[in-house]
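Pasted below: structure39.cif, mmCIF, C-alpha atoms and all ligand atoms.
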```
data_coords
loop_
_atom_site.label_atom_id
_atom_site.label_comp_id
_atom_site.auth_asym_id
_atom_site.auth_seq_id
_atom_site.Cartn_x
_atom_site.Cartn_y
_atom_site.Cartn_z
CA MET A 1254 247.71 4.90 139.85
CA LYS A 1255 244.02 5.40 140.28
CA LEU A 1256 243.80 3.52 143.53
CA GLY A 1257 246.78 5.36 144.96
CA LEU A 1258 245.45 8.74 143.97
CA ILE A 1259 241.98 7.94 145.18
CA ALA A 1260 243.42 6.84 148.50
CA VAL A 1261 245.24 10.13 148.81
CA ALA A 1262 242.12 12.04 147.86
CA ILE A 1263 240.07 10.18 150.42
CA VAL A 1264 242.66 10.85 153.09
CA ALA A 1265 242.71 14.51 152.07
CA ALA A 1266 238.91 14.69 152.19
CA LEU A 1267 238.81 13.05 155.59
CA SER A 1268 241.50 15.38 156.80
CA CYS A 1269 239.36 18.38 155.87
CA THR A 1270 236.52 17.12 158.01
CA ALA A 1271 238.99 16.31 160.76
CA GLY A 1272 240.33 19.84 160.55
CA SER A 1273 243.95 19.30 159.65
CA ALA A 1274 245.64 17.64 156.69
CA LEU A 1275 248.79 17.21 158.75
CA ALA A 1276 246.90 15.33 161.46
CA ALA A 1277 245.48 12.79 159.00
CA THR A 1278 248.39 12.17 156.68
CA GLY A 1279 251.34 13.07 158.87
CA ALA A 1280 253.95 15.67 158.22
CA CYS A 1281 256.57 15.45 155.52
CA GLN A 1282 259.62 13.90 157.17
CA THR A 1283 262.06 16.21 155.41
CA ASP A 1284 259.86 19.32 155.58
CA PRO A 1285 257.57 19.23 158.62
CA ALA A 1286 255.92 22.46 157.44
CA GLY A 1287 254.07 20.44 154.80
CA PRO A 1288 252.00 17.25 154.69
CA ALA A 1289 253.53 13.90 153.72
CA GLU A 1290 251.11 13.60 150.80
CA THR A 1291 250.11 16.21 148.25
CA PRO A 1292 246.31 16.35 147.94
CA VAL A 1293 245.11 15.45 144.45
CA VAL A 1294 242.67 17.61 142.52
CA PHE A 1295 240.91 15.44 139.97
CA VAL A 1296 240.33 17.38 136.78
CA PRO A 1297 237.53 16.45 134.35
CA THR A 1298 238.88 15.95 130.85
CA GLU A 1299 235.79 14.69 129.04
CA GLY A 1300 234.95 17.02 126.19
CA GLY A 1301 238.35 18.65 126.49
CA PRO A 1302 237.81 21.64 128.77
CA ALA A 1303 240.39 24.44 128.71
CA TYR A 1304 241.60 25.51 132.14
CA GLY A 1305 243.49 28.53 133.43
CA GLY A 1306 242.34 32.04 134.29
CA MET A 1307 245.08 33.69 132.28
CA GLN A 1308 243.22 32.70 129.10
CA TYR A 1309 240.01 30.86 129.90
CA PRO A 1310 236.98 31.33 132.16
CA ARG A 1311 237.32 27.87 133.70
CA ALA A 1312 239.69 26.96 136.54
CA VAL A 1313 240.62 23.64 138.11
CA GLY A 1314 239.03 23.02 141.51
CA LEU A 1315 241.67 24.39 143.84
CA GLY A 1316 240.86 25.72 147.29
CA PRO A 1317 241.82 29.13 148.67
CA LYS A 1318 245.60 29.61 148.81
CA GLN A 1319 246.09 26.28 147.04
CA VAL A 1320 248.56 26.14 144.14
CA ALA A 1321 249.32 23.41 141.60
CA LEU A 1322 252.89 23.38 140.30
CA THR A 1323 253.44 22.57 136.63
CA PHE A 1324 256.78 22.23 134.85
CA ASP A 1325 257.11 22.65 131.09
CA ASP A 1326 259.62 21.85 128.34
CA GLY A 1327 261.47 18.88 129.86
CA PRO A 1328 262.67 16.31 130.45
CA ASP A 1329 266.07 17.92 130.79
CA PRO A 1330 269.16 15.84 131.58
CA GLU A 1331 270.65 18.55 133.79
CA THR A 1332 267.81 20.05 135.79
CA THR A 1333 264.76 17.76 135.84
CA ARG A 1334 266.27 15.41 138.43
CA ARG A 1335 267.30 18.39 140.56
CA VAL A 1336 263.68 19.54 140.46
CA LEU A 1337 262.47 16.01 141.33
CA ASP A 1338 264.83 15.83 144.31
CA ILE A 1339 263.62 19.17 145.67
CA LEU A 1340 259.96 18.21 145.22
CA ASP A 1341 260.63 14.92 147.04
CA ARG A 1342 262.39 16.72 149.89
CA HIS A 1343 259.31 18.89 150.40
CA CYS A 1344 256.79 16.08 149.66
CA VAL A 1345 255.26 18.04 146.77
CA LYS A 1346 253.82 16.35 143.69
CA ALA A 1347 253.46 18.28 140.45
CA ALA A 1348 252.54 17.92 136.78
CA PHE A 1349 255.13 17.90 134.00
CA PHE A 1350 254.18 18.98 130.47
CA MET A 1351 256.85 17.26 128.40
CA VAL A 1352 258.21 17.91 124.92
CA GLY A 1353 258.15 14.74 122.82
CA ILE A 1354 261.58 15.15 121.31
CA TYR A 1355 263.15 15.32 124.78
CA ALA A 1356 261.04 12.43 126.03
CA GLU A 1357 262.48 10.38 123.18
CA ARG A 1358 266.04 11.43 124.04
CA HIS A 1359 265.67 10.93 127.78
CA PRO A 1360 263.10 8.17 128.34
CA ASP A 1361 264.77 7.23 131.63
CA ILE A 1362 263.89 10.66 133.04
CA VAL A 1363 260.30 10.36 131.80
CA ARG A 1364 260.03 7.04 133.65
CA GLU A 1365 261.59 8.58 136.74
CA VAL A 1366 259.09 11.46 136.79
CA ALA A 1367 256.28 8.89 136.64
CA ALA A 1368 257.85 6.54 139.20
CA ARG A 1369 258.21 9.42 141.63
CA GLY A 1370 254.47 9.97 141.45
CA HIS A 1371 254.04 13.04 139.29
CA THR A 1372 251.44 13.60 136.60
CA ILE A 1373 252.65 13.84 133.01
CA GLY A 1374 250.98 15.91 130.31
CA THR A 1375 252.43 16.83 126.93
CA HIS A 1376 253.57 19.98 125.18
CA THR A 1377 253.91 18.95 121.49
CA TRP A 1378 256.66 17.01 119.79
CA SER A 1379 259.15 19.78 118.99
CA HIS A 1380 257.82 22.85 120.83
CA PRO A 1381 257.03 25.14 117.89
CA ASN A 1382 256.31 28.41 119.65
CA ASN A 1383 253.11 29.11 117.74
CA LEU A 1384 251.01 26.26 116.42
CA ARG A 1385 248.73 28.83 114.77
CA HIS A 1386 251.40 29.19 112.10
CA PHE A 1387 251.03 25.51 111.22
CA SER A 1388 248.38 23.92 109.07
CA LEU A 1389 245.76 22.16 111.13
CA THR A 1390 247.14 18.80 110.01
CA GLN A 1391 250.73 19.73 110.88
CA ALA A 1392 249.66 21.04 114.27
CA GLN A 1393 247.65 17.92 115.02
CA ARG A 1394 250.67 15.79 114.14
CA GLU A 1395 252.87 17.87 116.48
CA ILE A 1396 250.41 17.26 119.30
CA ARG A 1397 249.85 13.59 118.56
CA ARG A 1398 253.51 12.80 118.21
CA GLY A 1399 254.20 14.48 121.55
CA PHE A 1400 251.75 12.12 123.26
CA THR A 1401 253.14 9.12 121.39
CA ALA A 1402 256.74 9.91 122.34
CA VAL A 1403 255.93 10.17 126.05
CA GLU A 1404 253.84 7.02 125.89
CA ALA A 1405 256.74 5.21 124.22
CA ALA A 1406 259.13 6.37 126.93
CA LEU A 1407 256.76 4.89 129.51
CA ALA A 1408 256.20 1.68 127.59
CA ARG A 1409 258.77 -0.23 129.65
CA ALA A 1410 257.63 1.28 132.91
CA PRO A 1411 255.38 -0.56 135.38
CA GLU A 1412 251.70 -0.36 134.48
CA GLU A 1413 250.88 2.12 137.23
CA ASP A 1414 253.62 4.44 136.01
CA LEU A 1415 252.33 4.32 132.43
CA ASP A 1416 249.05 5.54 133.86
CA ARG A 1417 250.75 8.75 135.01
CA LEU A 1418 250.40 9.96 131.41
CA ALA A 1419 247.31 12.15 131.54
CA PRO A 1420 245.21 13.54 128.68
CA PHE A 1421 246.57 16.96 129.56
CA PHE A 1422 248.01 19.30 126.93
CA ARG A 1423 249.59 22.74 127.05
CA PHE A 1424 250.20 24.89 123.97
CA PRO A 1425 253.80 26.12 123.56
CA GLY A 1426 253.89 29.81 124.37
CA LEU A 1427 250.24 29.36 125.42
CA ASN A 1428 249.50 30.14 121.77
CA ASP A 1429 246.28 28.20 121.40
CA SER A 1430 243.78 28.03 118.57
CA LYS A 1431 240.05 27.51 118.73
CA ALA A 1432 240.20 24.77 116.08
CA LEU A 1433 242.88 22.84 117.97
CA ILE A 1434 241.12 23.15 121.31
CA GLU A 1435 238.00 21.76 119.67
CA TRP A 1436 240.00 18.94 118.08
CA LEU A 1437 241.56 18.11 121.45
CA GLY A 1438 238.12 18.28 123.02
CA GLU A 1439 236.78 15.67 120.61
CA ARG A 1440 239.51 13.40 121.98
CA ASN A 1441 238.80 14.27 125.61
CA VAL A 1442 242.13 15.99 126.10
CA ALA A 1443 242.06 18.98 128.45
CA THR A 1444 244.01 22.12 127.59
CA PHE A 1445 245.94 23.78 130.40
CA SER A 1446 246.89 27.42 130.56
CA CYS A 1447 247.63 28.80 134.02
CA GLU A 1448 246.74 31.47 136.54
CA PHE A 1449 250.30 32.70 136.90
CA GLY A 1450 253.87 32.39 135.62
CA ALA A 1451 257.19 33.40 137.15
CA ASP A 1452 259.22 34.69 134.18
CA ASP A 1453 261.70 31.86 134.66
CA TRP A 1454 262.27 31.74 130.89
CA LYS A 1455 263.69 35.28 131.03
CA SER A 1456 267.30 36.18 131.84
CA ILE A 1457 266.63 37.06 135.45
CA SER A 1458 268.11 35.78 138.69
CA SER A 1459 266.68 32.84 140.59
CA ALA A 1460 265.78 35.26 143.41
CA GLN A 1461 263.77 37.31 140.94
CA VAL A 1462 261.97 34.19 139.74
CA ARG A 1463 261.02 33.37 143.33
CA ILE A 1464 259.87 36.92 144.04
CA ARG A 1465 257.79 37.12 140.85
CA ALA A 1466 256.20 33.74 141.51
CA LEU A 1467 255.21 34.74 145.03
CA SER A 1468 253.97 38.13 143.88
CA ASN A 1469 251.91 36.77 140.98
CA ILE A 1470 250.40 34.09 143.20
CA ALA A 1471 249.52 36.64 145.89
CA SER A 1472 247.68 38.76 143.33
CA VAL A 1473 245.36 35.90 142.33
CA GLY A 1474 245.28 33.74 145.47
CA ARG A 1475 244.97 30.26 143.99
CA GLY A 1476 245.70 28.51 140.73
CA VAL A 1477 248.13 26.78 138.43
CA LEU A 1478 251.74 28.02 138.26
CA ILE A 1479 253.87 27.51 135.15
CA LEU A 1480 257.56 26.86 135.74
CA HIS A 1481 260.20 25.22 133.53
CA ASP A 1482 262.23 22.21 134.66
CA THR A 1483 264.73 23.08 131.92
CA LYS A 1484 265.89 26.21 133.74
CA PRO A 1485 268.64 26.07 136.40
CA ARG A 1486 267.33 29.32 137.88
CA THR A 1487 264.05 27.55 138.57
CA ALA A 1488 265.72 24.62 140.31
CA ASP A 1489 267.87 27.11 142.22
CA MET A 1490 264.88 28.92 143.72
CA LEU A 1491 262.44 26.01 144.08
CA SER A 1492 263.22 24.94 147.64
CA ASP A 1493 263.17 28.50 149.01
CA PHE A 1494 259.96 29.16 147.06
CA ILE A 1495 258.17 26.15 148.56
CA VAL A 1496 259.30 27.12 152.06
CA ALA A 1497 258.12 30.72 151.54
CA MET A 1498 254.78 29.57 150.17
CA ARG A 1499 254.13 27.42 153.22
CA GLN A 1500 255.23 30.18 155.55
CA GLN A 1501 252.65 32.41 153.88
CA GLY A 1502 249.89 29.87 154.41
CA TYR A 1503 249.74 28.36 150.93
CA SER A 1504 249.48 24.65 150.21
CA PHE A 1505 250.10 22.55 147.12
CA ALA A 1506 247.86 20.25 145.12
CA GLN A 1507 248.58 17.78 142.34
CA LEU A 1508 246.53 17.83 139.14
CA ALA A 1509 245.38 14.42 137.91
CA PRO A 1510 242.77 13.34 135.36
CA GLN A 1511 239.37 12.45 136.73
CA ALA A 1512 239.00 9.17 134.86
CA GLY A 1513 240.02 7.03 131.95
CA ALA A 1514 243.41 8.57 131.37
CA GLY A 1515 244.90 5.67 129.45
CA GLU A 1516 242.02 5.27 127.05
CA LEU A 1517 241.68 8.99 126.54
CA ALA A 1518 245.39 9.45 125.87
CA ALA A 1519 245.22 6.60 123.40
CA ALA A 1520 242.74 8.64 121.40
CA VAL A 1521 245.46 11.19 120.68
CA ARG A 1522 248.12 8.68 119.72
CA ASP A 1523 249.81 9.41 116.41
CA PRO A 1524 248.08 7.20 113.84
CA LEU A 1525 251.19 7.22 111.63
CA ILE A 1526 253.23 5.70 114.45
CA GLY A 1527 250.41 3.63 115.85
CA PRO A 1528 250.01 2.02 119.24
CA VAL A 1529 253.24 1.66 121.12
CA ARG A 1530 253.74 -1.98 121.94
CA ARG A 1531 255.41 -2.35 125.27
CA ALA A 1532 258.03 -4.76 123.92
CA ASP A 1533 258.69 -2.71 120.83
CA ALA A 1534 258.82 0.84 122.11
CA ALA A 1535 262.14 1.90 120.64
CA SER A 1536 261.43 0.78 117.10
CA ALA A 1537 258.01 2.43 117.20
CA LEU A 1538 259.62 5.86 117.16
CA ILE A 1539 260.84 6.74 113.73
CA GLY A 1540 261.13 9.94 111.79
CA THR A 1541 263.11 13.11 111.51
CA ILE A 1542 264.07 14.91 114.68
CA ILE A 1543 263.02 18.53 114.47
CA GLU A 1544 265.10 20.90 116.54
CA PRO A 1545 262.72 22.51 118.99
CA SER A 1546 262.27 26.21 119.36
CA LEU A 1547 262.25 27.13 123.02
CA GLU A 1548 261.41 30.76 122.57
CA PRO A 1549 259.86 32.55 125.51
CA ALA A 1550 256.23 31.91 126.20
CA SER A 1551 254.97 35.26 124.98
CA ALA A 1552 251.70 35.12 126.83
CA LEU A 1553 253.34 34.65 130.22
CA ARG A 1554 253.89 37.54 132.53
ZN ZN B 1601 257.06 25.47 126.62
#
```

Mind turning this structure into C-alpha cells?
Amino acid sequence: MKLGLIAVAIVAALSCTAGSALAATGACQTDPAGPAETPVVFVPTEGGPAYGGMQYPRAVGLGPKQVALTFDDGPDPETTRRVLDILDRHCVKAAFFMVGIYAERHPDIVREVAARGHTIGTHTWSHPNNLRHFSLTQAQREIRRGFTAVEAALARAPEEDLDRLAPFFRFPGLNDSKALIEWLGERNVATFSCEFGADDWKSISSAQVRIRALSNIASVGRGVLILHDTKPRTADMLSDFIVAMRQQGYSFAQLAPQAGAGELAAAVRDPLIGPVRRADAASALIGTIIEPSLEPASALR
C-alpha cells in the first residue's frame, strides 16, 4: 500500500506545482469533473493525536475546499457495495470506520473495501453508543476486539490489502473519554472526530442528507465528513452529492496513516484473542456476539 499511496501523493504534489491535478493524473473516466486519483493526506498517528474540529483543536492537513469522506458502522451487506460502486464511478477514495461484529459477519466486504483502495479504521467491536458507561477495561476490550475482528477479516487478503487497516479509531456517537484517548495514544492510534456530519442517521430523506452535508461543509470550508455506509439514504444521495461538491469547487482527499500502520495496529490487537495467523483467521475469532446498539451519534449535527 505504502508505495501506491506515496506514488499518488507524489503525483498530487507534482500536480500542484504544475497547476492542475487533472493535468498530471488525468480525469476520472466515469466522472471527468474529478481526477482519476484521489490525493492522499498522510495523517500522523504517533502518540495518538485526536483530530476533528467538532471536538478537538487539531485537524488533518486538508487544503481549502478539500473534504475527506468517512463512512461509519459497516460493513453492511445491503449498502456498503452500493457505496463502493458510487465511489469508484466518481474515482473517490474514502475511509471506512468498521464495527468489529459486522466485519466478522461480512469479511468478504471488508476485503472488498480494502481491495478497492480505501482506508479502514475501526469503531469498536459492538458499537456501544457511549464507552464512558463502560469500565476502562471493558472499553479497551471493545476497542481492541474491533481492531482484531477487522484484521482477521483481512487475514486472507493480499498483503497490500491487509495494510489498508490503519491505526485510526472513531468513538461510537463521538462519545470519547480522556482516559481512552490517552490509552489509544500510548498505542499510537489516532482518534477521529470530524468537522461535519450530515444527519444521515436521522429519519430524513436522502435529499435532506445531501442538502445538510453541503450546507455543513460550506459553513466550515474544509474537513472530515461523517457518513454511514449502513444507510440507504446515504447511498441514494452520494452520487448527486459528489457531483454537487465538484460543481461548487470542492475536491476530495483520502486519509491514510503516515507510517507504520501494520505495526501500530498490532499494538491494539486484543491480547485475549492474540495475533491473527493468516492461515487460522476464522478460528481466531471466538466469543459471544454482542448485539450492537446503533443509536444516533448524539454529538453529530
Ligand atoms: Zn457509529

> Which distance in Å separates CA of Asp1325 (chain A) and CA of Phe1350 (chain A), to one decimal?
Replying inline: 4.7 Å

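The binding environment of ligand ZN 1601 (chain B), defined as every protein, DNA or RNA residue with an atom no more than 6 Å away and counting all atoms listed in the file, comprises Asp1325, Asp1326, Pro1425 and Gly1426 of chain A.
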
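A search radius of 9 Å centred on (265.0, 17.4, 130.4), applied to only C-alpha atoms, returns the residues Asp1326, Gly1327, Pro1328, Asp1329, Pro1330, Glu1331, Thr1332, Thr1333, Arg1334, Met1351, Val1352, Tyr1355, Ala1356, Arg1358, His1359, Ile1362, Val1363, Asp1482 and Thr1483 of chain A.
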
Closest atom pairs, residues of region 1367-1470 of chain A within 9 Å of region 1485-1509 of chain A, only C-alpha atoms, as JSON lines:
```
{"residue": "A:His1371", "atom": "CA", "partner": "A:Gln1507", "partner_atom": "CA", "distance": 7.8}
{"residue": "A:Thr1372", "atom": "CA", "partner": "A:Ala1509", "partner_atom": "CA", "distance": 6.3}
{"residue": "A:Ile1373", "atom": "CA", "partner": "A:Ala1509", "partner_atom": "CA", "distance": 8.8}
{"residue": "A:Arg1417", "atom": "CA", "partner": "A:Ala1509", "partner_atom": "CA", "distance": 8.3}
{"residue": "A:Ala1419", "atom": "CA", "partner": "A:Ala1509", "partner_atom": "CA", "distance": 7.0}
{"residue": "A:Phe1421", "atom": "CA", "partner": "A:Ala1509", "partner_atom": "CA", "distance": 8.8}
{"residue": "A:Asp1453", "atom": "CA", "partner": "A:Thr1487", "partner_atom": "CA", "distance": 6.3}
{"residue": "A:Trp1454", "atom": "CA", "partner": "A:Thr1487", "partner_atom": "CA", "distance": 8.9}
{"residue": "A:Ile1457", "atom": "CA", "partner": "A:Arg1486", "partner_atom": "CA", "distance": 8.1}
{"residue": "A:Ser1458", "atom": "CA", "partner": "A:Arg1486", "partner_atom": "CA", "distance": 6.6}
{"residue": "A:Ser1459", "atom": "CA", "partner": "A:Arg1486", "partner_atom": "CA", "distance": 4.5}
{"residue": "A:Ala1460", "atom": "CA", "partner": "A:Met1490", "partner_atom": "CA", "distance": 6.4}
{"residue": "A:Gln1461", "atom": "CA", "partner": "A:Met1490", "partner_atom": "CA", "distance": 8.9}
{"residue": "A:Val1462", "atom": "CA", "partner": "A:Thr1487", "partner_atom": "CA", "distance": 7.1}
{"residue": "A:Arg1463", "atom": "CA", "partner": "A:Phe1494", "partner_atom": "CA", "distance": 5.7}
{"residue": "A:Ile1464", "atom": "CA", "partner": "A:Phe1494", "partner_atom": "CA", "distance": 8.3}
{"residue": "A:Ala1466", "atom": "CA", "partner": "A:Phe1494", "partner_atom": "CA", "distance": 8.1}
{"residue": "A:Leu1467", "atom": "CA", "partner": "A:Met1498", "partner_atom": "CA", "distance": 7.3}
```

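Minimum atom-to-atom distances from A:Ala1443, A:Ala1321, A:Val1345, A:Val1336 to Gly1374 (chain A) were compared using only C-alpha atoms, and the lowest value belongs to A:Ala1443.
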
>> As an exercise, work out the distance from CA of Asp1414 (chain A) to CA of Ala1368 (chain A) in Å and give it to one decimal place.
In response: 5.7 Å

>> What's around Trp1436 (chain A) at 12 Å? Count all atoms listed in the file, leave out sequence neighbours fewer than 4 positions away in its own chain, and write the answer as a ChimeraX atom specification.
In response: /A:1300-1303,1389-1390,1392-1394,1396-1397,1422,1429-1432,1440-1444,1520-1521

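With distances restricted to only C-alpha atoms, A:Arg1423 is the closest residue to Ser1446 (chain A) from A:Arg1423, A:Arg1398, A:Leu1433, A:Ala1410.
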
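Residue nearest Phe1449 (chain A) within the list A:Leu1315, A:Met1307, A:Ala1402, A:Leu1384: A:Met1307 [criterion: smallest interatomic distance, all atoms listed in the file].
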
>> Residues within 12 Å of Leu1427 (chain A), please, as number ranges by chain. Count all atoms listed in the file; anything in the same chain fewer than 3 positions from it doesn't count.
In response: A: 1303-1305, 1307-1309, 1325, 1376-1377, 1380-1385, 1422-1424, 1430, 1434, 1444-1450, 1479, 1548-1554

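The shortest atom-to-atom distance to Gly1474 (chain A), with all atoms listed in the file taken into account, belongs to A:Val1320 out of A:Ala1405, A:Ala1347, A:Ala1286, A:Val1320.
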
>> Please determine, counting all atoms listed in the file, which residue among A:Glu1357, A:Glu1395, A:Asp1452, A:Glu1299 has the shortest atom-to-atom distance to Ala1408 (chain A).
In response: A:Glu1357

Report, as lines of an AutoDock Vina configuration file, the axis-aligned box around all atoms of region 1449-1459 of chain A present in the file, extended by 6 Å on each side; give centre and edge lengths in Å to one decimal place.
```
center_x = 259.2
center_y = 34.4
center_z = 135.7
size_x = 29.8
size_y = 17.3
size_z = 21.7
```

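Relative to CA of Asp1361 (chain A), CA of Ala1406 (chain A) is found at 7.4 Å.
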
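Among the candidate residues A:Ser1388, A:Arg1465, A:Leu1407, A:Ile1339, the one lying nearest to Glu1365 (chain A) is A:Leu1407, with distances computed using all atoms listed in the file.
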
>> Counting all atoms listed in the file, which residues have an atom no more than 9 Å from (238.2, 16.6, 144.2) in the file's coordinates? Please list them as JSON, numbers by chain.
In response: {"A": [1262, 1266, 1292, 1293, 1294, 1295, 1296, 1314, 1315, 1511]}

Go ahead and dump the residues you just picked, C-alpha atoms, as an mmCIF file, in the coordinates of the input.
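Final file, part31.cif:
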```
data_model
loop_
_atom_site.group_PDB
_atom_site.id
_atom_site.type_symbol
_atom_site.label_atom_id
_atom_site.label_comp_id
_atom_site.auth_asym_id
_atom_site.auth_seq_id
_atom_site.Cartn_x
_atom_site.Cartn_y
_atom_site.Cartn_z
ATOM 1 C CA ALA A 1262 242.120 12.040 147.860
ATOM 2 C CA ALA A 1266 238.910 14.690 152.190
ATOM 3 C CA PRO A 1292 246.310 16.350 147.940
ATOM 4 C CA VAL A 1293 245.110 15.450 144.450
ATOM 5 C CA VAL A 1294 242.670 17.610 142.520
ATOM 6 C CA PHE A 1295 240.910 15.440 139.970
ATOM 7 C CA VAL A 1296 240.330 17.380 136.780
ATOM 8 C CA GLY A 1314 239.030 23.020 141.510
ATOM 9 C CA LEU A 1315 241.670 24.390 143.840
ATOM 10 C CA GLN A 1511 239.370 12.450 136.730
#
```
